[in-house]
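J.: Just input_23.cif, nothing more (mmCIF, C-alpha atoms):
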```cif
data_start
loop_
_atom_site.label_atom_id
_atom_site.label_comp_id
_atom_site.auth_asym_id
_atom_site.auth_seq_id
_atom_site.Cartn_x
_atom_site.Cartn_y
_atom_site.Cartn_z
CA MET A 55 -0.15 15.93 -3.58
CA ILE A 56 -0.10 12.38 -4.88
CA TYR A 57 3.16 13.20 -6.67
CA LEU A 58 4.71 14.40 -3.44
CA GLN A 59 3.56 11.26 -1.66
CA LEU A 60 5.00 9.04 -4.38
CA LEU A 61 8.26 10.96 -4.30
CA TRP A 62 8.52 10.70 -0.52
CA VAL A 63 7.63 7.01 -0.35
CA PHE A 64 10.04 5.87 -3.04
CA VAL A 65 12.94 8.12 -2.03
CA LYS A 66 12.57 6.68 1.46
CA ILE A 67 12.59 3.15 0.09
CA GLY A 68 15.67 3.97 -2.01
CA VAL A 69 17.50 5.20 1.07
CA LEU A 70 16.50 2.39 3.44
CA GLY A 71 16.31 -0.50 1.01
CA PHE A 72 19.28 -2.55 2.16
CA GLY A 73 19.64 -6.13 1.03
CA GLY A 74 18.04 -6.24 -2.40
CA GLY A 75 14.58 -6.43 -3.90
CA TYR A 76 12.96 -8.75 -1.40
CA ALA A 77 14.06 -6.60 1.52
CA MET A 78 12.37 -3.63 -0.15
CA LEU A 79 9.11 -5.57 -0.44
CA SER A 80 8.39 -5.10 3.23
CA LEU A 81 8.94 -1.34 3.01
CA ILE A 82 6.92 -1.02 -0.19
CA GLN A 83 4.13 -3.17 1.19
CA HIS A 84 3.81 -1.12 4.34
CA ASP A 85 3.51 2.23 2.59
CA VAL A 86 1.68 1.19 -0.53
CA VAL A 87 -0.78 -1.33 0.90
CA ASP A 88 -1.18 -0.58 4.60
CA HIS A 89 -0.50 3.12 4.92
CA TYR A 90 -1.72 4.80 1.72
CA GLY A 91 -3.95 1.99 0.45
CA TRP A 92 -2.86 2.47 -3.16
CA MET A 93 -3.02 -1.28 -3.73
CA THR A 94 -4.90 -4.20 -2.23
CA THR A 95 -2.91 -7.09 -0.80
CA THR A 96 -3.98 -9.33 -3.70
CA GLU A 97 -2.91 -6.73 -6.24
CA PHE A 98 0.43 -6.53 -4.45
CA ALA A 99 0.87 -10.31 -4.60
CA ASP A 100 -0.06 -10.28 -8.31
CA MET A 101 2.47 -7.56 -9.01
CA VAL A 102 5.22 -9.43 -7.18
CA ALA A 103 4.44 -12.44 -9.39
CA ILE A 104 4.45 -10.31 -12.54
CA SER A 105 7.68 -8.61 -11.48
CA GLN A 106 9.27 -12.02 -11.01
CA MET A 107 8.29 -13.10 -14.49
CA THR A 108 9.34 -9.93 -16.30
CA PRO A 109 12.92 -8.75 -16.71
CA GLY A 110 14.29 -6.01 -14.52
CA PRO A 111 14.51 -5.32 -10.80
CA ILE A 112 11.40 -6.14 -8.74
CA SER A 113 11.46 -2.79 -6.95
CA ILE A 114 11.62 -0.77 -10.18
CA ASN A 115 8.76 -2.84 -11.58
CA LEU A 116 6.68 -2.28 -8.45
CA ALA A 117 7.47 1.45 -8.38
CA THR A 118 6.42 1.80 -12.01
CA TYR A 119 3.19 -0.08 -11.43
CA VAL A 120 2.29 1.78 -8.24
CA GLY A 121 3.07 5.13 -9.88
CA TYR A 122 1.00 4.22 -12.90
CA THR A 123 -2.06 3.06 -10.97
CA THR A 124 -2.05 6.07 -8.66
CA ALA A 125 -1.02 8.91 -10.96
CA GLY A 126 -0.80 7.66 -14.53
CA PHE A 127 2.20 7.78 -16.83
CA GLY A 128 3.84 10.72 -15.05
CA GLY A 129 3.42 8.96 -11.73
CA SER A 130 5.12 5.83 -13.02
CA LEU A 131 8.18 7.77 -14.17
CA LEU A 132 8.28 9.81 -10.97
CA ALA A 133 8.10 6.76 -8.71
CA SER A 134 10.85 4.93 -10.61
CA PHE A 135 13.17 7.93 -10.65
CA ALA A 136 12.46 8.66 -6.99
CA LEU A 137 13.62 5.13 -6.21
CA CYS A 138 16.87 5.73 -8.13
CA LEU A 139 17.53 9.23 -6.81
CA PRO A 140 19.25 8.19 -3.53
CA SER A 141 21.50 5.84 -5.53
CA VAL A 142 22.52 8.69 -7.84
CA ILE A 143 23.44 10.86 -4.88
CA MET A 144 25.28 7.99 -3.28
CA VAL A 145 27.49 7.35 -6.29
CA TYR A 146 29.10 10.71 -5.75
CA LEU A 147 29.13 10.68 -1.95
CA ILE A 148 30.20 7.09 -1.51
CA LEU A 149 32.82 7.19 -4.21
CA LYS A 150 34.49 10.04 -2.36
CA LEU A 151 33.88 8.92 1.22
CA PHE A 152 33.69 5.18 1.38
CA MET A 153 36.03 3.81 -1.20
CA SER A 154 38.86 3.67 1.32
CA LYS A 155 39.67 0.22 2.67
CA ARG A 156 38.85 1.03 6.27
CA ASN A 157 35.42 2.48 5.56
CA ASN A 158 34.77 -0.40 3.23
CA ALA A 159 35.35 -2.85 6.09
CA LEU A 160 33.06 -0.79 8.30
CA MET A 161 30.27 -0.92 5.71
CA ASP A 162 30.85 -4.61 5.26
CA ASN A 163 30.47 -5.31 8.97
CA THR A 164 27.44 -3.03 9.18
CA LEU A 165 25.79 -5.05 6.46
CA LYS A 166 26.69 -8.28 8.22
CA GLY A 167 24.97 -6.99 11.33
CA LEU A 168 21.97 -5.83 9.31
CA LYS A 169 21.45 -9.17 7.62
CA PRO A 170 19.50 -10.96 10.39
CA ALA A 171 17.16 -7.98 10.72
CA ILE A 172 16.64 -7.84 6.95
CA ALA A 173 15.85 -11.55 6.92
CA GLY A 174 13.20 -10.89 9.57
CA LEU A 175 11.89 -7.99 7.51
CA ILE A 176 11.43 -10.21 4.44
CA PHE A 177 9.83 -12.96 6.52
CA ALA A 178 7.35 -10.45 7.95
CA ALA A 179 6.45 -9.31 4.43
CA GLY A 180 5.66 -12.93 3.55
CA LEU A 181 3.63 -13.42 6.72
CA SER A 182 1.53 -10.31 6.16
CA MET A 183 0.58 -11.70 2.76
CA MET A 184 -0.75 -14.90 4.34
CA ASN A 185 -4.35 -13.78 4.57
CA ALA A 186 -7.79 -14.79 3.38
CA GLN A 187 -7.48 -12.67 0.23
CA ASN A 188 -4.39 -14.51 -0.96
CA PHE A 189 -5.39 -17.95 0.36
CA VAL A 190 -8.91 -18.07 -1.02
CA ASP A 191 -9.93 -21.53 0.10
CA PHE A 192 -8.33 -21.50 3.52
CA GLY A 193 -10.80 -22.78 6.10
CA ARG A 194 -13.36 -23.50 3.39
CA GLY A 195 -14.03 -26.96 1.97
CA GLN A 196 -11.99 -30.04 2.69
CA TYR A 197 -8.92 -29.30 0.60
CA ASN A 198 -6.81 -26.27 1.22
CA ILE A 199 -5.30 -26.13 -2.22
CA SER A 200 -3.75 -22.72 -1.57
CA VAL A 201 -1.95 -24.00 1.53
CA ILE A 202 -0.71 -27.02 -0.42
CA ILE A 203 0.57 -24.75 -3.21
CA CYS A 204 2.33 -22.55 -0.69
CA VAL A 205 3.98 -25.45 1.15
CA LEU A 206 5.07 -27.23 -2.04
CA ALA A 207 6.42 -24.01 -3.55
CA PHE A 208 8.28 -23.30 -0.34
CA VAL A 209 9.86 -26.75 -0.25
CA ALA A 210 10.77 -26.54 -3.94
CA SER A 211 12.25 -23.09 -3.54
CA TYR A 212 14.03 -23.54 -0.22
CA PHE A 213 15.37 -27.07 -0.51
CA PHE A 214 15.68 -27.55 -4.25
CA LYS A 215 16.27 -23.95 -5.36
CA ALA A 216 13.63 -24.34 -8.04
CA ASN A 217 13.30 -21.58 -10.61
CA PRO A 218 10.76 -19.05 -9.27
CA ILE A 219 9.29 -18.42 -12.72
CA LEU A 220 8.64 -22.13 -13.17
CA LEU A 221 6.94 -22.26 -9.76
CA ILE A 222 4.73 -19.27 -10.58
CA VAL A 223 3.73 -20.77 -13.93
CA LEU A 224 2.99 -24.17 -12.35
CA SER A 225 0.86 -22.71 -9.58
CA GLY A 226 -0.96 -20.60 -12.17
CA VAL A 227 -1.77 -23.79 -14.07
CA VAL A 228 -2.96 -25.46 -10.86
CA GLY A 229 -5.11 -22.43 -10.07
CA PHE A 230 -6.63 -22.50 -13.54
CA PHE A 231 -7.77 -26.11 -13.15
CA VAL A 232 -8.75 -26.06 -9.47
CA TYR A 233 -10.64 -22.80 -8.97
CA MET B 163 30.67 4.74 -30.88
CA LYS B 164 30.83 7.04 -27.88
CA LYS B 165 31.20 5.44 -24.49
CA PRO B 166 27.96 6.72 -22.87
CA LEU B 167 25.98 5.35 -25.78
CA GLN B 168 27.79 2.03 -25.53
CA LEU B 169 27.07 1.94 -21.81
CA PHE B 170 23.42 2.68 -22.44
CA LEU B 171 23.12 -0.11 -24.98
CA THR B 172 25.02 -2.60 -22.82
CA PHE B 173 22.84 -2.05 -19.79
CA PHE B 174 19.69 -1.80 -21.89
CA LYS B 175 20.38 -5.26 -23.28
CA ILE B 176 21.05 -6.65 -19.82
CA GLY B 177 17.99 -4.91 -18.35
CA ALA B 178 15.74 -6.19 -21.10
CA PHE B 179 16.78 -9.82 -20.96
CA THR B 180 17.71 -10.62 -17.37
CA LEU B 181 15.05 -12.37 -15.39
CA GLY B 182 15.35 -12.75 -11.65
CA GLY B 183 16.63 -9.42 -10.44
CA GLY B 184 19.96 -7.84 -9.65
CA TYR B 185 22.18 -10.78 -8.83
CA ALA B 186 21.21 -12.66 -11.96
CA MET B 187 22.50 -9.80 -14.10
CA LEU B 188 25.86 -9.65 -12.36
CA SER B 189 27.54 -12.30 -14.49
CA LEU B 190 26.20 -10.64 -17.64
CA VAL B 191 27.57 -7.27 -16.55
CA GLU B 192 30.92 -8.86 -15.82
CA LYS B 193 30.98 -10.53 -19.21
CA ALA B 194 30.17 -7.30 -21.02
CA VAL B 195 32.19 -4.82 -18.99
CA VAL B 196 35.23 -6.89 -18.01
CA ASP B 197 35.61 -9.55 -20.70
CA GLN B 198 34.28 -7.99 -23.88
CA LYS B 199 34.73 -4.22 -23.60
CA LYS B 200 37.63 -4.43 -21.14
CA TRP B 201 36.51 -1.21 -19.51
CA ILE B 202 37.36 -2.29 -15.97
CA PRO B 203 39.92 -4.89 -14.81
CA SER B 204 38.39 -7.93 -13.15
CA ASP B 205 39.73 -7.37 -9.62
CA GLU B 206 38.61 -3.74 -9.58
CA PHE B 207 35.18 -4.77 -10.83
CA TRP B 208 34.67 -7.23 -7.98
CA ASP B 209 35.96 -4.73 -5.42
CA MET B 210 33.41 -2.28 -6.73
CA ILE B 211 30.64 -4.86 -6.58
CA ALA B 212 31.55 -5.59 -2.97
CA VAL B 213 30.99 -1.92 -2.13
CA VAL B 214 27.83 -1.67 -4.21
CA GLN B 215 26.35 -4.73 -2.49
CA SER B 216 26.53 -3.07 0.88
CA LEU B 217 24.67 0.03 -0.30
CA PRO B 218 20.94 0.55 -0.06
CA GLY B 219 18.80 0.95 -3.15
CA VAL B 220 18.22 -1.07 -6.28
CA PHE B 221 21.24 -3.28 -6.83
CA ALA B 222 20.99 -3.20 -10.63
CA VAL B 223 20.75 0.60 -10.64
CA ASN B 224 23.69 0.97 -8.26
CA THR B 225 25.82 -1.36 -10.36
CA ALA B 226 24.93 0.54 -13.54
CA LEU B 227 25.69 3.89 -11.91
CA TYR B 228 29.08 2.79 -10.60
CA VAL B 229 30.20 1.08 -13.77
CA GLY B 230 28.97 4.02 -15.85
CA HIS B 231 30.66 6.56 -13.60
CA ARG B 232 33.93 4.64 -13.62
CA VAL B 233 33.95 4.27 -17.42
CA ALA B 234 32.65 7.65 -18.59
CA GLY B 235 31.94 9.98 -15.67
CA THR B 236 28.59 11.61 -15.00
CA LYS B 237 27.29 11.12 -18.53
CA GLY B 238 28.24 7.48 -18.38
CA ALA B 239 26.57 6.99 -15.01
CA PHE B 240 23.25 8.35 -16.23
CA ALA B 241 23.47 6.56 -19.58
CA ALA B 242 24.03 3.22 -17.84
CA MET B 243 21.29 3.84 -15.28
CA PHE B 244 18.67 4.73 -17.86
CA GLY B 245 19.76 1.76 -19.93
CA ALA B 246 19.17 -0.50 -16.94
CA ILE B 247 15.73 0.79 -15.96
CA ILE B 248 14.05 1.82 -19.23
CA PRO B 249 13.29 -1.80 -20.27
CA SER B 250 11.53 -2.61 -16.97
CA ILE B 251 9.57 0.64 -16.96
CA THR B 252 8.41 0.07 -20.53
CA ILE B 253 7.44 -3.55 -19.99
CA ILE B 254 5.55 -2.83 -16.77
CA LEU B 255 3.72 0.13 -18.30
CA LEU B 256 2.58 -2.08 -21.17
CA LEU B 257 1.58 -4.89 -18.82
CA ALA B 258 -0.13 -2.55 -16.35
CA THR B 259 -2.56 -1.29 -18.98
CA VAL B 260 -3.33 -4.83 -20.12
CA PHE B 261 -3.45 -6.31 -16.64
CA ARG B 262 -5.89 -3.77 -15.27
CA GLU B 263 -8.16 -4.47 -18.20
CA TYR B 264 -8.18 -8.25 -17.85
CA ARG B 265 -7.69 -8.63 -14.10
CA ASP B 266 -11.35 -9.29 -13.45
CA GLN B 267 -11.70 -11.90 -16.18
CA PRO B 268 -12.58 -15.23 -14.52
CA VAL B 269 -9.73 -17.06 -16.24
CA VAL B 270 -7.10 -14.55 -15.11
CA GLU B 271 -8.60 -14.51 -11.63
CA ARG B 272 -8.37 -18.33 -11.43
CA ILE B 273 -4.75 -18.35 -12.51
CA PHE B 274 -3.80 -15.68 -9.99
CA LYS B 275 -5.65 -17.47 -7.19
CA GLY B 276 -3.16 -20.26 -7.71
CA ILE B 277 -0.19 -17.92 -8.01
CA ARG B 278 -0.72 -15.86 -4.85
CA PRO B 279 0.10 -18.59 -2.30
CA CYS B 280 3.18 -19.41 -4.39
CA VAL B 281 4.33 -15.78 -4.14
CA VAL B 282 4.09 -15.98 -0.36
CA ALA B 283 6.33 -19.06 -0.42
CA LEU B 284 8.76 -17.31 -2.77
CA ILE B 285 9.13 -14.48 -0.25
CA LEU B 286 9.46 -16.70 2.82
CA ALA B 287 12.09 -19.02 1.33
CA PRO B 288 14.82 -16.43 0.65
CA SER B 289 14.36 -14.91 4.10
CA LEU B 290 15.14 -18.27 5.71
CA ARG B 291 18.06 -18.79 3.33
CA MET B 292 19.33 -15.39 4.38
CA ILE B 293 19.13 -16.34 8.04
CA LYS B 294 21.22 -19.40 7.21
CA SER B 295 23.83 -17.42 5.30
CA ALA B 296 24.01 -14.74 7.99
CA LYS B 297 25.11 -17.51 10.40
CA VAL B 298 22.44 -16.63 12.93
CA THR B 299 23.09 -18.40 16.23
CA TRP B 300 20.62 -19.14 19.02
CA LYS B 301 21.74 -15.93 20.67
CA THR B 302 21.35 -13.69 17.63
CA ALA B 303 18.17 -15.44 16.51
CA ILE B 304 16.35 -12.92 18.65
CA ILE B 305 17.05 -10.24 16.02
CA PRO B 306 14.98 -11.73 13.17
CA ILE B 307 12.36 -12.99 15.62
CA ALA B 308 11.99 -9.55 17.20
CA THR B 309 11.86 -7.95 13.74
CA VAL B 310 9.04 -10.24 12.64
CA PHE B 311 7.22 -9.75 15.92
CA LEU B 312 7.46 -5.96 15.82
CA ILE B 313 6.34 -5.66 12.20
CA TRP B 314 3.78 -8.41 12.04
CA CYS B 315 2.22 -8.29 15.50
CA CYS B 316 2.86 -4.73 16.66
CA LYS B 317 2.45 -3.22 13.16
CA ILE B 318 5.47 -1.02 13.66
CA PRO B 319 6.46 0.58 10.34
CA PRO B 320 9.46 -1.27 8.86
CA THR B 321 11.11 2.11 8.31
CA TYR B 322 11.79 2.42 12.03
CA ILE B 323 13.02 -1.15 12.24
CA VAL B 324 15.50 -0.54 9.44
CA LEU B 325 16.71 2.71 11.00
CA ALA B 326 17.16 1.02 14.37
CA ALA B 327 18.87 -1.96 12.77
CA ILE B 328 21.27 0.35 10.91
CA ALA B 329 22.14 2.10 14.17
CA GLY B 330 22.66 -1.23 15.93
CA SER B 331 24.73 -2.70 13.10
CA LEU B 332 26.88 0.40 12.86
CA ILE B 333 27.74 0.11 16.55
CA TYR B 334 28.40 -3.59 16.02
CA ALA B 335 30.63 -2.81 13.03
CA ILE B 336 32.59 -0.18 14.95
CA VAL B 337 33.12 -2.61 17.83
CA ILE B 338 34.18 -5.41 15.48
CA GLY B 339 36.40 -3.02 13.55
CA ARG B 340 38.11 -1.94 16.74
CA ARG B 341 38.69 -5.53 17.76
CA THR B 342 40.27 -6.53 14.48
CA GLU B 343 42.41 -3.45 13.97
CA ASP B 344 45.65 -4.04 15.85
CA GLY B 345 45.43 -2.19 19.12
CA GLY B 346 42.79 0.16 17.80
CA GLN B 347 45.22 3.02 17.20
CA LYS B 348 42.82 4.80 14.93
CA THR B 349 40.59 5.84 17.81
CA LYS B 350 42.85 7.99 19.87
CA ASP B 351 40.75 8.56 22.97
CA GLU B 352 39.94 5.04 24.02
CA GLY B 353 42.45 2.89 22.22
CA PRO B 354 44.67 0.82 24.49
CA LYS B 355 42.31 0.52 27.45
CA THR B 356 39.50 -1.18 25.60
CA LYS B 357 41.70 -3.74 23.94
CA GLY B 358 41.87 -6.25 26.74
CA GLY B 359 39.09 -7.87 28.65
CA LEU B 360 36.06 -6.00 27.46
CA SER B 361 36.05 -6.83 23.81
CA PRO B 362 34.54 -10.34 24.01
CA GLN B 363 31.67 -8.88 25.96
CA SER B 364 31.10 -6.09 23.53
CA GLN B 365 30.63 -8.63 20.80
CA VAL B 366 27.82 -10.19 22.74
CA LEU B 367 26.33 -6.87 23.64
CA SER B 368 26.13 -5.34 20.24
CA PRO B 369 23.65 -7.73 18.63
CA GLN B 370 21.41 -7.15 21.59
CA SER B 371 21.52 -3.42 21.17
CA GLN B 372 20.10 -4.05 17.75
CA VAL B 373 17.09 -5.66 19.34
CA LEU B 374 16.74 -3.10 22.04
CA SER B 375 16.72 -0.15 19.77
CA PRO B 376 13.63 -1.01 17.70
CA GLN B 377 11.59 -1.32 20.86
CA SER B 378 12.82 1.94 22.23
CA GLN B 379 11.96 3.55 18.92
CA VAL B 380 8.34 3.80 19.95
CA PRO B 381 8.86 6.20 22.85
CA SER B 382 11.31 8.31 20.93
CA PRO B 383 13.12 10.16 23.73
CA GLN B 384 14.55 6.89 24.99
CA SER B 385 15.97 5.77 21.72
CA SER B 386 19.45 7.03 22.37
CA VAL B 387 19.66 5.56 25.86
CA PRO B 388 20.65 1.96 25.13
CA THR B 389 23.44 3.12 22.85
CA GLN B 390 24.94 5.36 25.45
CA GLU B 391 24.66 2.79 28.19
CA ARG B 392 26.66 0.37 26.14
CA LYS B 393 29.33 2.85 25.31
CA GLU B 394 30.03 3.87 28.87
CA PRO B 395 31.62 0.71 30.26
CA LYS B 396 34.09 0.63 27.41
CA SER B 397 35.72 3.97 28.03
#
```
Before we go any further, please render this structure as structure tokens.
T.:
Amino acid sequence: MIYLQLLWVFVKIGVLGFGGGYAMLSLIQHDVVDHYGWMTTTEFADMVAISQMTPGPISINLATYVGYTTAGFGGSLLASFALCLPSVIMVYLILKLFMSKRNNALMDNTLKGLKPAIAGLIFAAGLSMMNAQNFVDFGRGQYNISVIICVLAFVASYFFKANPILLIVLSGVVGFFVY
Amino acid sequence: MKKPLQLFLTFFKIGAFTLGGGYAMLSLVEKAVVDQKKWIPSDEFWDMIAVVQSLPGVFAVNTALYVGHRVAGTKGAFAAMFGAIIPSITIILLLATVFREYRDQPVVERIFKGIRPCVVALILAPSLRMIKSAKVTWKTAIIPIATVFLIWCCKIPPTYIVLAAIAGSLIYAIVIGRRTEDGGQKTKDEGPKTKGGLSPQSQVLSPQSQVLSPQSQVPSPQSSVPTQERKEPKS
């Protein structure tokens, strides 16, 4: 049963995951955290951090971890392959159907139209992670260190395009000394 | 060395050493596949990447599959794909066992308490950058706002939002495609009539249909209505 659920969840994410790893976060988060409860929201945040710091695609890393925690070694392989399965099918379908110039332009415009919605999707994933579990000192004590970390990291990432790994390491160091 | 094996090793190396996801590996793939091995000419490679970028799924996996398929057929596609994902699966499996063991250690817990707010920022920042690059105007800003509202406030599963957004974007793409193709000869039934006055309107309408459709997704029988309504005036 758990295998079927993993298969279903990650095939679905493979089919609907337009716009790269971050766009998939929202889909993964909904199924894995909210719907099936395979992970807590803090565990999810930790895994996103770990996925950022390790090589390889975030979504594959998350699929492997979710599969492993829910159904062991077999589950980890199943979840990762389930995520790749739609891509495998697409190689053959798309190569035949969509490699023509006209269809290519159609896909291009579709993606252009999708982009604003995907941006909203990613933003929502970030917002849903803004909770008391991930911001431990919010509303407690005088200094909201977690809010400060979040704001500084945002500014560094958005305006200065700082390296995400560096930001994660720095905030880990801050956390070590503050908490 | 046989080509599938070479593909496997090439993508394994890239998968094992590229931090920062799919787009970071692109230049490495280009270097290996176009410059060193000369498997694919540069212009064809970038055409292929343009197609791959617009597909759903894991970008790194899609790239590996396409390059592998182009170079050595089915065997090549699978060799490249496994090369790309085996490093991440191995590393995460190793880390998962360790992480679950030490997660509750106070030191680890303290470090991650600092990291979690940073992760939130790292997710929010690219979404805003994406809005900027998508050239969202005041009119189309309703799309991301509605998406956030529906997911975050109404707790509507993102699956439905994506499906609705795909439907909306496809209509948008067809309308745009018809406008740019000279005279729209490719659609026989409603070609010349639509060319004139209606097209500027349809451009305005289509982004809205994207917003309308997620809302109508909840009562499912209505979901096809907005689409049809918008198609009627054109014909």
J.: Can you tell me how far CA of Ser182 (chain A) sits from CA of Trp314 (chain B), in Å to one decimal?
T.: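 It comes out at 6.6 Å.
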J.: Which polymer residues have any atom within 12 Å of an atom of Ala216 (chain A), counting only C-alpha atoms, with same-chain residues fewer than 4 positions away left out, as a list in words?
T.: Leu206, Ala207, Phe208, Val209, Ala210, Ser211, Tyr212, Leu220, Leu221, Ile222 and Leu224 of chain A; Ala283, Leu284, Ala287 and Pro288 of chain B
J.: Identify all residues satisfying the PyMOL selection byres ((chain A and resi 67-71) around 10) in the given file; provide them as an mmCIF file with C-alpha atoms, in the coordinates of the input.
T.:
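Done, and the output landed in expr.cif:
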```cif
data_model
loop_
_atom_site.group_PDB
_atom_site.id
_atom_site.type_symbol
_atom_site.label_atom_id
_atom_site.label_comp_id
_atom_site.auth_asym_id
_atom_site.auth_seq_id
_atom_site.Cartn_x
_atom_site.Cartn_y
_atom_site.Cartn_z
ATOM 1 C CA LEU A 61 8.260 10.960 -4.300
ATOM 2 C CA TRP A 62 8.520 10.700 -0.520
ATOM 3 C CA VAL A 63 7.630 7.010 -0.350
ATOM 4 C CA PHE A 64 10.040 5.870 -3.040
ATOM 5 C CA VAL A 65 12.940 8.120 -2.030
ATOM 6 C CA LYS A 66 12.570 6.680 1.460
ATOM 7 C CA PHE A 72 19.280 -2.550 2.160
ATOM 8 C CA GLY A 73 19.640 -6.130 1.030
ATOM 9 C CA GLY A 74 18.040 -6.240 -2.400
ATOM 10 C CA GLY A 75 14.580 -6.430 -3.900
ATOM 11 C CA TYR A 76 12.960 -8.750 -1.400
ATOM 12 C CA ALA A 77 14.060 -6.600 1.520
ATOM 13 C CA MET A 78 12.370 -3.630 -0.150
ATOM 14 C CA LEU A 79 9.110 -5.570 -0.440
ATOM 15 C CA SER A 80 8.390 -5.100 3.230
ATOM 16 C CA LEU A 81 8.940 -1.340 3.010
ATOM 17 C CA ILE A 82 6.920 -1.020 -0.190
ATOM 18 C CA ASP A 85 3.510 2.230 2.590
ATOM 19 C CA SER A 113 11.460 -2.790 -6.950
ATOM 20 C CA SER A 134 10.850 4.930 -10.610
ATOM 21 C CA PHE A 135 13.170 7.930 -10.650
ATOM 22 C CA ALA A 136 12.460 8.660 -6.990
ATOM 23 C CA LEU A 137 13.620 5.130 -6.210
ATOM 24 C CA CYS A 138 16.870 5.730 -8.130
ATOM 25 C CA LEU A 139 17.530 9.230 -6.810
ATOM 26 C CA PRO A 140 19.250 8.190 -3.530
ATOM 27 C CA SER A 141 21.500 5.840 -5.530
ATOM 28 C CA MET A 144 25.280 7.990 -3.280
ATOM 29 C CA ILE A 172 16.640 -7.840 6.950
ATOM 30 C CA LEU B 217 24.670 0.030 -0.300
ATOM 31 C CA PRO B 218 20.940 0.550 -0.060
ATOM 32 C CA GLY B 219 18.800 0.950 -3.150
ATOM 33 C CA VAL B 220 18.220 -1.070 -6.280
ATOM 34 C CA PHE B 221 21.240 -3.280 -6.830
ATOM 35 C CA PRO B 320 9.460 -1.270 8.860
ATOM 36 C CA THR B 321 11.110 2.110 8.310
ATOM 37 C CA TYR B 322 11.790 2.420 12.030
ATOM 38 C CA VAL B 324 15.500 -0.540 9.440
ATOM 39 C CA LEU B 325 16.710 2.710 11.000
ATOM 40 C CA ILE B 328 21.270 0.350 10.910
#
```
J.: Nearest to Ala241 (chain B): which of B:Pro306, B:Pro166, B:Pro203, B:Gly276 is it, counting all atoms listed in the file?
T.: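 Closest residue, counting all atoms listed in the file: B:Pro166.
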J.: Between CA of Lys294 (chain B) and CA of Cys204 (chain A), what is the distance in Å, rounded to a tenth?
T.: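 CA of Lys294 (chain B) sits 20.7 Å away from CA of Cys204 (chain A).
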J.: For the structure shown, which residues end up in the PyMOL selection byres ((chain B and resi 255) around 10)? Put them as a short mmCIF file (atom, residue, chain, number, x, y, z; two decimals) with C-alpha atoms, keeping the file's coordinate frame, please?
T.:
```cif
data_model
loop_
_atom_site.label_atom_id
_atom_site.label_comp_id
_atom_site.auth_asym_id
_atom_site.auth_seq_id
_atom_site.Cartn_x
_atom_site.Cartn_y
_atom_site.Cartn_z
CA ASN A 115 8.76 -2.84 -11.58
CA THR A 118 6.42 1.80 -12.01
CA TYR A 119 3.19 -0.08 -11.43
CA GLY A 121 3.07 5.13 -9.88
CA TYR A 122 1.00 4.22 -12.90
CA THR A 123 -2.06 3.06 -10.97
CA GLY A 126 -0.80 7.66 -14.53
CA PHE A 127 2.20 7.78 -16.83
CA SER A 130 5.12 5.83 -13.02
CA LEU A 131 8.18 7.77 -14.17
CA PRO B 249 13.29 -1.80 -20.27
CA SER B 250 11.53 -2.61 -16.97
CA ILE B 251 9.57 0.64 -16.96
CA THR B 252 8.41 0.07 -20.53
CA ILE B 253 7.44 -3.55 -19.99
CA ILE B 254 5.55 -2.83 -16.77
CA LEU B 256 2.58 -2.08 -21.17
CA LEU B 257 1.58 -4.89 -18.82
CA ALA B 258 -0.13 -2.55 -16.35
CA THR B 259 -2.56 -1.29 -18.98
CA VAL B 260 -3.33 -4.83 -20.12
CA PHE B 261 -3.45 -6.31 -16.64
#
```
J.: Using all atoms listed in the file, pick whichever of B:Ala308, B:Cys315, B:Ala335, B:Ala212 has the shortest atom-to-atom distance to chain A.
T.: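 Closest to chain A, using all atoms listed in the file: B:Ala335.
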